[in-house]
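Q: First the structure, then my questions, so here it is.
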Amino acid sequence: MAADAPDADGEALDAPDAGGESDAPHPAFEPYAAEPVPQAAVGVPGKDGTLELTFASNEGGTKLVRDYATVPFHVSGTLGHDPHPDASTVFVQSPTGGVAQGDRHDVDVAVREDAVAHVSTQSSTRVLTMERNYAAADATLSVGSGGHLDYVPEPTILHADARYYQNTTVELDRDATAVVADVVVPGRLARGERFEFERYLSRVRAEGPDGLLFEDATHLTPAESDPRAPGVLGEYEVYGTLFVVDPDGDAVDSDALHDAVADREARAGATRLPNDAGVAVRALGDRAETVTDALHAAWDRARRELIDAPAPEGRKY
């Protein structure tokens, strides 16, 4: 199952006439970066959201020892419902209706030595319709020696004309592990909106003590190349990935994760990551629920092998 689309169509993109250097994180987004946002300019309060979370282990288990959030992020504390006795959970909230044009979000999650943390979102992330510029989210996830992080947000829903860049960097010390998930819904499916967004680019890069472990990219541009073509998403609409990063051992077997997702409603499979860095699971389906269900099954199996505890239940209330 091949779910990645090319990063570009081979043609050079003209640099924006912005009178200065573009802040675009990728050449495909440079033309958007030159477009001013009339409602609220890029960089003003409320447009540049920052979230910083630090987890540390002590005698009572894992604690959230530092948190800092600016709009649109909000953190109301931790939860202790995780099946792992030492784990701490944060559900990130948002008081806004979604991600708007010109938004720039930075997320930094640090899990210190021997800590166990689970970070998710309270609800789906809605990337709203855009007429100018674009929106971007940059996440850096670092895990100290012996630590474990589950970074499993709710699905991302791409509204019509959305332009969204998402970059995730995972940094692991010796004996550290992480599970990183992402589910993409190509529109408000219940109202018949499908693949009407303009551009979606998601990159995941993982680094271990000895350097790069793997890098993965998904680049979808429905107006230029049909995402439902053979070799991309085919007949399916919702796309999900789960990276189980375990660079120091073979605690998680790709065949075991494949068995966990094989009989689900979504079409899913698992494969080893480069450099024996863990396992990647990809799932395709017609609904977010079926893709999320498949990834949760793989997450549950991986978690039992990595930290001897099942995955938390997905319901949040």
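Quick note on naming: the chains in the structure tokens go A, B, ... in the order shown, residues restart at 1 in each chain, and ligands are numbered from 1 in order of appearance.
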So that I can check the surroundings of range 139-153 of chain A, please list as a VMD selection string every protein, DNA and RNA residue that reaches within 6 Å of it, counting only C-alpha atoms and ignoring chain neighbours fewer than 2 positions away.

A: chain A and resid 106 to 121 168 to 181

Q: Let me see the file: selected residues, N, CA and C atoms, as a PDB file, in the first residue's frame.

A:
```pdb
ATOM      1  N   ASP A 106       3.501  26.094  17.277  1.00  0.00           N
ATOM      2  CA  ASP A 106       4.725  25.398  17.687  1.00  0.00           C
ATOM      3  C   ASP A 106       4.435  24.577  18.931  1.00  0.00           C
ATOM      4  N   VAL A 107       4.728  23.276  18.850  1.00  0.00           N
ATOM      5  CA  VAL A 107       4.495  22.352  19.962  1.00  0.00           C
ATOM      6  C   VAL A 107       5.818  21.715  20.350  1.00  0.00           C
ATOM      7  N   ASP A 108       6.120  21.733  21.634  1.00  0.00           N
ATOM      8  CA  ASP A 108       7.350  21.123  22.150  1.00  0.00           C
ATOM      9  C   ASP A 108       6.980  20.242  23.337  1.00  0.00           C
ATOM     10  N   VAL A 109       7.158  18.931  23.181  1.00  0.00           N
ATOM     11  CA  VAL A 109       6.867  17.975  24.247  1.00  0.00           C
ATOM     12  C   VAL A 109       8.164  17.278  24.623  1.00  0.00           C
ATOM     13  N   ALA A 110       8.548  17.377  25.890  1.00  0.00           N
ATOM     14  CA  ALA A 110       9.774  16.748  26.381  1.00  0.00           C
ATOM     15  C   ALA A 110       9.424  15.733  27.469  1.00  0.00           C
ATOM     16  N   VAL A 111       9.871  14.503  27.269  1.00  0.00           N
ATOM     17  CA  VAL A 111       9.686  13.439  28.252  1.00  0.00           C
ATOM     18  C   VAL A 111      11.068  13.076  28.785  1.00  0.00           C
ATOM     19  N   ARG A 112      11.286  13.358  30.046  1.00  0.00           N
ATOM     20  CA  ARG A 112      12.606  13.132  30.617  1.00  0.00           C
ATOM     21  C   ARG A 112      12.844  11.659  30.942  1.00  0.00           C
ATOM     22  N   GLU A 113      14.020  11.374  31.434  1.00  0.00           N
ATOM     23  CA  GLU A 113      14.465  10.007  31.701  1.00  0.00           C
ATOM     24  C   GLU A 113      13.441   9.225  32.531  1.00  0.00           C
ATOM     25  N   ASP A 114      13.078   8.036  32.006  1.00  0.00           N
ATOM     26  CA  ASP A 114      12.203   7.057  32.666  1.00  0.00           C
ATOM     27  C   ASP A 114      10.758   7.524  32.841  1.00  0.00           C
ATOM     28  N   ALA A 115      10.382   8.645  32.296  1.00  0.00           N
ATOM     29  CA  ALA A 115       8.994   9.112  32.389  1.00  0.00           C
ATOM     30  C   ALA A 115       8.142   8.468  31.291  1.00  0.00           C
ATOM     31  N   VAL A 116       6.831   8.380  31.549  1.00  0.00           N
ATOM     32  CA  VAL A 116       5.880   7.822  30.583  1.00  0.00           C
ATOM     33  C   VAL A 116       4.748   8.824  30.418  1.00  0.00           C
ATOM     34  N   ALA A 117       4.525   9.310  29.197  1.00  0.00           N
ATOM     35  CA  ALA A 117       3.536  10.354  28.961  1.00  0.00           C
ATOM     36  C   ALA A 117       2.675  10.030  27.745  1.00  0.00           C
ATOM     37  N   HIS A 118       1.445  10.519  27.815  1.00  0.00           N
ATOM     38  CA  HIS A 118       0.494  10.384  26.706  1.00  0.00           C
ATOM     39  C   HIS A 118      -0.085  11.766  26.433  1.00  0.00           C
ATOM     40  N   VAL A 119       0.100  12.254  25.207  1.00  0.00           N
ATOM     41  CA  VAL A 119      -0.402  13.568  24.812  1.00  0.00           C
ATOM     42  C   VAL A 119      -1.365  13.388  23.640  1.00  0.00           C
ATOM     43  N   SER A 120      -2.541  13.979  23.767  1.00  0.00           N
ATOM     44  CA  SER A 120      -3.530  13.926  22.700  1.00  0.00           C
ATOM     45  C   SER A 120      -4.276  15.247  22.660  1.00  0.00           C
ATOM     46  N   THR A 121      -5.275  15.344  21.786  1.00  0.00           N
ATOM     47  CA  THR A 121      -6.137  16.514  21.716  1.00  0.00           C
ATOM     48  C   THR A 121      -7.531  16.128  22.170  1.00  0.00           C
ATOM     49  N   THR A 168       6.715  17.199  12.034  1.00  0.00           N
ATOM     50  CA  THR A 168       6.913  16.555  13.332  1.00  0.00           C
ATOM     51  C   THR A 168       8.310  15.963  13.393  1.00  0.00           C
ATOM     52  N   THR A 169       9.064  16.343  14.432  1.00  0.00           N
ATOM     53  CA  THR A 169      10.403  15.814  14.653  1.00  0.00           C
ATOM     54  C   THR A 169      10.421  15.048  15.974  1.00  0.00           C
ATOM     55  N   VAL A 170      10.893  13.804  15.925  1.00  0.00           N
ATOM     56  CA  VAL A 170      10.972  12.949  17.110  1.00  0.00           C
ATOM     57  C   VAL A 170      12.441  12.721  17.428  1.00  0.00           C
ATOM     58  N   GLU A 171      12.849  13.046  18.658  1.00  0.00           N
ATOM     59  CA  GLU A 171      14.235  12.901  19.078  1.00  0.00           C
ATOM     60  C   GLU A 171      14.285  11.945  20.270  1.00  0.00           C
ATOM     61  N   LEU A 172      15.034  10.831  20.131  1.00  0.00           N
ATOM     62  CA  LEU A 172      15.066   9.815  21.172  1.00  0.00           C
ATOM     63  C   LEU A 172      16.476   9.537  21.657  1.00  0.00           C
ATOM     64  N   ASP A 173      16.628   9.460  22.988  1.00  0.00           N
ATOM     65  CA  ASP A 173      17.887   9.030  23.593  1.00  0.00           C
ATOM     66  C   ASP A 173      17.942   7.508  23.624  1.00  0.00           C
ATOM     67  N   ARG A 174      19.002   6.970  24.211  1.00  0.00           N
ATOM     68  CA  ARG A 174      19.154   5.526  24.347  1.00  0.00           C
ATOM     69  C   ARG A 174      17.979   4.938  25.137  1.00  0.00           C
ATOM     70  N   ASP A 175      17.490   3.791  24.684  1.00  0.00           N
ATOM     71  CA  ASP A 175      16.424   3.044  25.367  1.00  0.00           C
ATOM     72  C   ASP A 175      15.114   3.818  25.449  1.00  0.00           C
ATOM     73  N   ALA A 176      14.942   4.850  24.648  1.00  0.00           N
ATOM     74  CA  ALA A 176      13.693   5.598  24.614  1.00  0.00           C
ATOM     75  C   ALA A 176      12.800   5.070  23.493  1.00  0.00           C
ATOM     76  N   THR A 177      11.484   5.194  23.670  1.00  0.00           N
ATOM     77  CA  THR A 177      10.527   4.749  22.655  1.00  0.00           C
ATOM     78  C   THR A 177       9.423   5.786  22.512  1.00  0.00           C
ATOM     79  N   ALA A 178       8.748   5.751  21.365  1.00  0.00           N
ATOM     80  CA  ALA A 178       7.650   6.686  21.125  1.00  0.00           C
ATOM     81  C   ALA A 178       6.662   6.082  20.142  1.00  0.00           C
ATOM     82  N   VAL A 179       5.407   6.485  20.282  1.00  0.00           N
ATOM     83  CA  VAL A 179       4.358   6.147  19.325  1.00  0.00           C
ATOM     84  C   VAL A 179       3.761   7.467  18.844  1.00  0.00           C
ATOM     85  N   VAL A 180       3.769   7.680  17.537  1.00  0.00           N
ATOM     86  CA  VAL A 180       3.286   8.934  16.940  1.00  0.00           C
ATOM     87  C   VAL A 180       2.240   8.588  15.884  1.00  0.00           C
ATOM     88  N   ALA A 181       1.065   9.184  16.007  1.00  0.00           N
ATOM     89  CA  ALA A 181      -0.033   8.857  15.092  1.00  0.00           C
ATOM     90  C   ALA A 181      -0.587  10.107  14.437  1.00  0.00           C
TER      91      ALA A 181
END
```

Q: What lies within 7 Å of Asp161 in chain A using only C-alpha atoms, ignoring chain neighbours under 2 positions off, as a PyMOL selection string?

A: chain A and resi 129-130+159+163+196-198

Q: List every residue of range 116-174 of chain A that DSSP, applied to the backbone of this structure, assigns to strand (DSSP E), and report them as number ranges by chain.

A: A: 116-121, 125-127, 135-143, 148-151, 156-158, 163-172

Q: List as a ChimeraX atom specification the protein and nucleic acid residues near Pro155 in chain A, meaning an atom at most 8 Å away when only C-alpha atoms are counted, but skip any in the same chain fewer than 5 places from it.

A: /A:123-125,182-185,288

Q: What is the CA of Leu53 in chain A-CA of Asp293 in chain A distance in Å, reported with one decimal?

A: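 Spanning CA of Leu53 in chain A to CA of Asp293 in chain A is a straight-line distance of 27.0 Å.
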
Q: Find, counting only C-alpha atoms, the residue in A:Thr96, A:Thr271, A:Thr241, A:Thr221 that gets nearest to Ala294 in chain A.

A: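 Closest residue, counting only C-alpha atoms: A:Thr241.
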
Q: What lies within 8 Å of Gly61 in chain A using only C-alpha atoms, ignoring chain neighbours under 6 positions off, as a ChimeraX atom specification?

A: /A:85-88,115

Q: Keeping only N, CA and C atoms, write the selected residues as a PDB file, in the first residue's frame.

A:
```pdb
ATOM      1  N   PRO A  85       0.663   2.366  35.357  1.00  0.00           N
ATOM      2  CA  PRO A  85       0.566   2.992  36.690  1.00  0.00           C
ATOM      3  C   PRO A  85       1.408   4.247  36.866  1.00  0.00           C
ATOM      4  N   ASP A  86       2.455   4.425  36.063  1.00  0.00           N
ATOM      5  CA  ASP A  86       3.344   5.575  36.228  1.00  0.00           C
ATOM      6  C   ASP A  86       3.132   6.661  35.171  1.00  0.00           C
ATOM      7  N   ALA A  87       2.149   6.477  34.291  1.00  0.00           N
ATOM      8  CA  ALA A  87       1.980   7.395  33.166  1.00  0.00           C
ATOM      9  C   ALA A  87       1.167   8.628  33.547  1.00  0.00           C
ATOM     10  N   SER A  88       1.392   9.694  32.813  1.00  0.00           N
ATOM     11  CA  SER A  88       0.620  10.931  32.960  1.00  0.00           C
ATOM     12  C   SER A  88       0.064  11.323  31.598  1.00  0.00           C
ATOM     13  N   ALA A 115      10.382   8.645  32.296  1.00  0.00           N
ATOM     14  CA  ALA A 115       8.994   9.112  32.389  1.00  0.00           C
ATOM     15  C   ALA A 115       8.142   8.468  31.291  1.00  0.00           C
TER      16      ALA A 115
END
```

Q: Set the distance at 8 Å and use only C-alpha atoms: which residues neighbour Leu220 in chain A once local chain neighbours fewer than 2 positions away are removed? I'd like the list as a ChimeraX atom specification.

A: /A:5,199-201,218,222,225,227

Q: Just N, CA and C atoms for this one: save the residues we selected as a compact mmCIF listing (two decimals), in the first residue's frame.

A:
```
# COMPACT_ATOMS: atom_id res chain seq x y z
N ALA A 5 2.33 10.70 -1.81
CA ALA A 5 2.31 11.34 -3.13
C ALA A 5 3.59 12.15 -3.28
N ARG A 199 -3.95 22.14 -0.46
CA ARG A 199 -2.65 21.48 -0.31
C ARG A 199 -2.48 20.99 1.13
N TYR A 200 -1.96 19.78 1.25
CA TYR A 200 -1.64 19.21 2.56
C TYR A 200 -0.28 18.54 2.48
N LEU A 201 0.62 18.96 3.36
CA LEU A 201 1.95 18.36 3.41
C LEU A 201 2.29 18.05 4.85
N THR A 218 3.97 12.95 3.35
CA THR A 218 2.72 12.81 2.62
C THR A 218 2.36 14.17 2.05
N PRO A 222 -5.04 17.91 -4.40
CA PRO A 222 -6.13 17.36 -5.21
C PRO A 222 -6.32 18.02 -6.57
N SER A 225 -3.18 16.59 -8.68
CA SER A 225 -3.04 15.15 -8.81
C SER A 225 -4.09 14.48 -7.94
N PRO A 227 -5.81 12.39 -5.44
CA PRO A 227 -5.36 11.51 -4.36
C PRO A 227 -5.97 10.12 -4.41
```

Q: In terms of the shortest atom-to-atom distance over only C-alpha atoms, which of A:Ala311, A:Val291, A:Leu284, A:Ala277 is closest to Leu212 in chain A?

A: A:Ala277

Q: Taking the DSSP assignment computed from this structure's backbone, write out as a list in words all residues of range 73-289 of chain A that belong to alpha helix (DSSP H).

A: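 These are the residues in question: Ser254, Asp255, Ala256, Leu257, His258, Asp259, Ala260, Val261, Ala262, Ala288 and Glu289 of chain A.
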
Q: Got time to write the residues from that selection, C-alpha atoms, as a compact mmCIF listing (two decimals), in the first residue's frame?

A:
```txt
# COMPACT_ATOMS: atom_id res chain seq x y z
CA SER A 254 5.87 -5.86 12.36
CA ASP A 255 4.05 -9.15 11.79
CA ALA A 256 2.36 -8.82 15.18
CA LEU A 257 1.15 -5.32 14.37
CA HIS A 258 0.02 -6.45 10.93
CA ASP A 259 -2.05 -9.21 12.57
CA ALA A 260 -3.57 -6.63 14.92
CA VAL A 261 -4.95 -4.56 12.02
CA ALA A 262 -5.55 -7.24 9.39
CA ALA A 288 -12.31 8.36 10.36
CA GLU A 289 -13.72 5.92 12.91
```

Q: Please list as a list in words every residue within 9 Å of Ser76 in chain A, counting only C-alpha atoms and excluding residues in the same chain fewer than 2 positions away.

A: His74, Thr78, Val90, Phe91, Val92 and Gln93 of chain A

Q: Create the file for the chosen residues now, containing C-alpha atoms and written as a short mmCIF file (atom, residue, chain, number, x, y, z; two decimals), in the first residue's frame.

A:
```
data_model
loop_
_atom_site.label_atom_id
_atom_site.label_comp_id
_atom_site.auth_asym_id
_atom_site.auth_seq_id
_atom_site.Cartn_x
_atom_site.Cartn_y
_atom_site.Cartn_z
CA HIS A 74 -5.08 25.41 26.52
CA THR A 78 -3.18 16.08 33.75
CA VAL A 90 -2.54 15.60 28.85
CA PHE A 91 -5.46 16.35 26.54
CA VAL A 92 -4.70 19.62 24.76
CA GLN A 93 -7.76 21.85 24.37
#
```

Q: How far is it from CA of Arg301 in chain A to CA of Glu52 in chain A, in Å with one decimal?

A: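 Computing it gives 28.7 Å between the two atoms.
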
Q: Using only C-alpha atoms, which residues sit within 10 Å of Leu189 in chain A once same-chain residues fewer than 5 positions away are excluded, as a compact mmCIF listing (two decimals) with C-alpha atoms, in the first residue's frame?

A:
```txt
# COMPACT_ATOMS: atom_id res chain seq x y z
CA ILE A 157 -10.08 17.55 9.11
CA HIS A 159 -11.94 21.96 4.97
CA ARG A 194 -14.25 15.47 -0.24
CA PHE A 195 -10.76 16.43 -1.41
CA GLU A 237 -10.65 8.73 1.55
CA VAL A 238 -9.31 8.76 5.12
CA ASP A 286 -14.02 5.51 4.20
CA ARG A 287 -14.56 6.94 7.68
CA ALA A 288 -12.31 8.36 10.36
```
